[in-house]
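Listing of entry.txt, compact mmCIF, C-alpha atoms
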```txt
# COMPACT_ATOMS: atom_id res chain seq x y z
CA MET E 416 77.83 -25.77 27.65
CA LEU E 417 77.92 -23.99 30.95
CA ILE E 418 76.31 -25.84 33.84
CA THR E 419 75.48 -23.70 36.84
CA VAL E 420 74.13 -24.28 40.35
CA ASP E 421 73.13 -22.03 43.22
CA PRO E 422 74.44 -23.46 46.52
CA ALA E 423 72.05 -21.17 48.43
CA SER E 424 68.98 -22.66 46.71
CA ALA E 425 66.74 -25.15 48.51
CA GLN E 426 66.66 -27.22 45.32
CA PRO E 427 69.04 -30.22 45.47
CA LEU E 428 72.28 -29.71 43.53
CA ALA E 429 71.68 -32.76 41.31
CA ASP E 430 68.31 -31.31 40.29
CA GLN E 431 70.01 -28.00 39.53
CA VAL E 432 72.59 -29.74 37.32
CA ALA E 433 69.82 -31.47 35.36
CA GLY E 434 67.79 -28.26 35.24
CA SER E 435 70.75 -26.33 33.86
CA VAL E 436 71.02 -28.79 30.96
CA ARG E 437 67.25 -28.70 30.38
CA ALA E 438 67.41 -24.90 30.26
CA ALA E 439 70.21 -25.06 27.68
CA LEU E 440 68.04 -27.37 25.58
CA ALA E 441 64.98 -25.15 25.92
CA ASN E 442 66.80 -21.98 24.89
CA GLY E 443 68.70 -23.59 22.01
CA MET E 444 72.15 -23.42 23.63
CA ALA E 445 72.40 -27.21 23.39
CA ALA E 446 71.17 -29.56 20.69
CA PRO E 447 71.02 -33.28 19.92
CA GLY E 448 74.50 -34.70 19.37
CA ASP E 449 76.17 -32.18 21.69
CA ARG E 450 78.36 -33.65 24.41
CA LEU E 451 77.95 -32.66 28.01
CA PRO E 452 81.07 -31.74 29.95
CA SER E 453 82.51 -34.66 31.87
CA ALA E 454 80.95 -35.13 35.28
CA ARG E 455 84.42 -34.95 36.81
CA ASN E 456 85.05 -31.57 35.14
CA VAL E 457 81.66 -30.17 36.21
CA ALA E 458 82.20 -31.34 39.80
CA ALA E 459 85.66 -29.77 39.95
CA THR E 460 84.54 -26.51 38.35
CA LEU E 461 81.48 -26.12 40.58
CA GLY E 462 83.12 -27.47 43.71
CA ILE E 463 80.50 -30.17 44.22
CA ASN E 464 80.64 -33.94 44.62
CA LEU E 465 81.14 -36.03 41.47
CA HIS E 466 78.24 -38.30 42.45
CA THR E 467 75.95 -35.27 42.67
CA VAL E 468 76.72 -34.40 39.05
CA LEU E 469 76.25 -38.03 38.03
CA ARG E 470 72.82 -38.06 39.73
CA GLY E 471 71.86 -35.00 37.67
CA TYR E 472 73.08 -36.67 34.48
CA GLN E 473 71.19 -39.85 35.42
CA GLN E 474 67.97 -37.83 35.76
CA LEU E 475 68.50 -36.59 32.21
CA ARG E 476 69.19 -40.16 31.07
CA ASP E 477 66.00 -41.39 32.75
CA GLU E 478 64.07 -38.66 30.92
CA GLY E 479 65.59 -39.78 27.62
CA LEU E 480 67.40 -36.48 27.07
CA VAL E 481 70.95 -37.82 27.44
CA GLU E 482 72.70 -41.04 26.54
CA LEU E 483 75.29 -42.13 29.09
CA ARG E 484 78.03 -44.61 28.33
CA ARG E 485 80.64 -45.54 30.90
CA GLY E 486 84.00 -44.03 30.00
CA ARG E 487 82.52 -41.93 27.19
CA ALA E 488 80.97 -38.51 27.10
CA ALA E 489 77.29 -38.00 27.84
CA VAL E 490 75.56 -37.06 24.59
CA ILE E 491 72.27 -35.23 24.13
CA THR E 492 69.82 -37.48 22.29
CA ALA E 493 67.40 -36.73 19.46
CA THR E 494 64.65 -36.87 22.09
CA ALA E 495 65.90 -33.47 23.23
CA ASP E 496 64.23 -31.94 20.16
CA GLN E 497 60.94 -33.41 21.38
CA PHE E 498 61.56 -31.79 24.77
CA ARG E 499 61.93 -28.40 23.12
CA LEU E 500 58.76 -28.94 21.09
CA GLN E 501 56.82 -30.06 24.19
CA LEU E 502 58.00 -26.99 26.08
CA ALA E 503 56.97 -24.70 23.21
CA ALA E 504 53.55 -26.39 22.99
CA ALA E 505 53.00 -26.06 26.75
CA ALA E 506 54.01 -22.40 26.62
CA GLU E 507 51.63 -21.76 23.73
CA GLU E 508 48.76 -23.46 25.59
CA PHE E 509 49.52 -21.37 28.68
CA ALA E 510 49.60 -18.19 26.59
CA ARG E 511 46.26 -19.03 24.96
CA THR E 512 44.70 -19.65 28.39
CA ALA E 513 46.11 -16.41 29.75
CA MET E 514 44.72 -14.49 26.78
CA HIS E 515 41.35 -16.26 27.10
CA VAL E 516 40.95 -15.17 30.73
CA GLY E 517 42.06 -11.63 29.88
CA ALA E 518 45.37 -11.63 31.75
CA SER E 519 47.90 -9.00 30.77
CA ASP E 520 51.37 -10.11 29.68
CA GLU E 521 52.72 -9.03 33.06
CA GLU E 522 50.05 -10.98 34.95
CA ALA E 523 50.66 -14.10 32.86
CA LEU E 524 54.41 -13.93 33.34
CA ALA E 525 53.98 -13.34 37.07
CA ALA E 526 51.70 -16.39 37.31
CA ALA E 527 54.22 -18.53 35.42
CA ARG E 528 57.09 -17.36 37.65
CA GLU E 529 55.05 -18.05 40.79
CA ALA E 530 54.14 -21.53 39.56
CA LEU E 531 57.80 -22.30 38.81
CA LEU E 532 58.92 -21.07 42.21
CA THR E 533 56.21 -23.10 43.94
CA LEU E 534 57.22 -26.28 42.10
CA ARG E 535 60.91 -25.77 42.93
CA ASP E 536 60.23 -25.43 46.66
```
Encoding of this model in structure tokens:
Amino acid sequence: MLITVDPASAQPLADQVAGSVRAALANGMAAPGDRLPSARNVAATLGINLHTVLRGYQQLRDEGLVELRRGRAAVITATADQFRLQLAAAAEEFARTAMHVGASDEEALAAAREALLTLRD
């Protein structure tokens, strides 16, 4: 799994690390039982502090998406499937609302992008 961050973003790096894993779960690039790269490896590869990566992994643990064990790899939990289902349900509800109000696909996607950008800032 490739974890990426954007140093120029206003979003904290730990949040970006966690978000990168969430995105991999949402798009099917990661699944329950998969191991995350070691925090030490991610930190070295991205050129960021080890504790920053660990904070991102701890966010995922607190959300129930990852199981962390000291000295062992972080593993994506079965709860991650629920995350994907929740995301799909939320997207479907959004799409139904957009259709109900008569928004075009482009307008709906623009509204979703704007909402995401607003929440990240």
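Minimum atom-to-atom distance to Ala530 of chain E, evaluated using all atoms listed in the file, belongs to E:Phe509 out of E:Ile491, E:Arg450, E:Met514, E:Phe509.
The residue that comes closest to Pro447 of chain E, out of E:Leu534, E:Val490, E:Ile463, E:Val468 and on the basis of all atoms listed in the file, is E:Val490.
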*Counting all atoms listed in the file, which of E:Leu440, E:Ala429, E:Ala526, E:Ala513 gets nearest to Thr492 of chain E?*
E:Leu440
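With distances restricted to all atoms listed in the file, E:Val481 is the closest residue to Arg437 of chain E from E:Ala505, E:Ala454, E:Val481, E:Ala459.
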_Just want the 12 Å neighbourhood of His466 of chain E, counted on all atoms listed in the file, with same-chain residues fewer than 5 positions away dropped. Output as a list in words._
Leu428, Ala429, Val432, Ser453, Ala454, Arg455, Val457, Ala458, Ala459, Gly471, Tyr472 and Gln473 of chain E
*Give as a ChimeraX atom specification each residue that has an atom at most 12 Å from (63.8, -22.3, 31.6) in the file, counting all atoms listed in the file.*
/E:431,433-444,498-499,502-503,506,527-528,531-532
Expected file contents, prior selection, C-alpha atoms, as a PDB file, keeping the file's coordinate frame:
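Saved to again10.pdb:
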```pdb
ATOM      1  CA  GLN E 431      70.010 -28.000  39.530  1.00  0.00           C
ATOM      2  CA  ALA E 433      69.820 -31.470  35.360  1.00  0.00           C
ATOM      3  CA  GLY E 434      67.790 -28.260  35.240  1.00  0.00           C
ATOM      4  CA  SER E 435      70.750 -26.330  33.860  1.00  0.00           C
ATOM      5  CA  VAL E 436      71.020 -28.790  30.960  1.00  0.00           C
ATOM      6  CA  ARG E 437      67.250 -28.700  30.380  1.00  0.00           C
ATOM      7  CA  ALA E 438      67.410 -24.900  30.260  1.00  0.00           C
ATOM      8  CA  ALA E 439      70.210 -25.060  27.680  1.00  0.00           C
ATOM      9  CA  LEU E 440      68.040 -27.370  25.580  1.00  0.00           C
ATOM     10  CA  ALA E 441      64.980 -25.150  25.920  1.00  0.00           C
ATOM     11  CA  ASN E 442      66.800 -21.980  24.890  1.00  0.00           C
ATOM     12  CA  GLY E 443      68.700 -23.590  22.010  1.00  0.00           C
ATOM     13  CA  MET E 444      72.150 -23.420  23.630  1.00  0.00           C
ATOM     14  CA  PHE E 498      61.560 -31.790  24.770  1.00  0.00           C
ATOM     15  CA  ARG E 499      61.930 -28.400  23.120  1.00  0.00           C
ATOM     16  CA  LEU E 502      58.000 -26.990  26.080  1.00  0.00           C
ATOM     17  CA  ALA E 503      56.970 -24.700  23.210  1.00  0.00           C
ATOM     18  CA  ALA E 506      54.010 -22.400  26.620  1.00  0.00           C
ATOM     19  CA  ALA E 527      54.220 -18.530  35.420  1.00  0.00           C
ATOM     20  CA  ARG E 528      57.090 -17.360  37.650  1.00  0.00           C
ATOM     21  CA  LEU E 531      57.800 -22.300  38.810  1.00  0.00           C
ATOM     22  CA  LEU E 532      58.920 -21.070  42.210  1.00  0.00           C
TER      23      LEU E 532
END
```
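If all atoms listed in the file are the atoms counted, then among E:Ser424, E:Arg485, E:Ala523, E:Ala446 the closest residue to Glu507 of chain E is E:Ala523.
Taking atom CA of Asn456 of chain E and atom CA of Gly479 of chain E as the two end points, the separation is 22.4 Å.
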*Point-to-point distance from atom CA of Ala445 of chain E to atom CA of Leu500 of chain E, Å rounded to tenths*: 13.9 Å
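Pairwise distance (atom CA of Val420 of chain E, atom CA of Glu482 of chain E) equals 21.8 Å.
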Give the centre and edge lengths of an axis-aligned box, in Å to one decimal, that holds all listed atoms of segment 451-469 of chain E with 8 Å on each side, as AutoDock Vina command-line options.
```
--center_x 80.8 --center_y -32.2 --center_z 36.3 --size_x 25.7 --size_y 28.2 --size_z 32.6
```
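In terms of minimum interatomic distance to Arg535 of chain E, E:Ala425 ranks closest within E:Leu465, E:Ala504, E:Ala518, E:Ala425, counting only C-alpha atoms.
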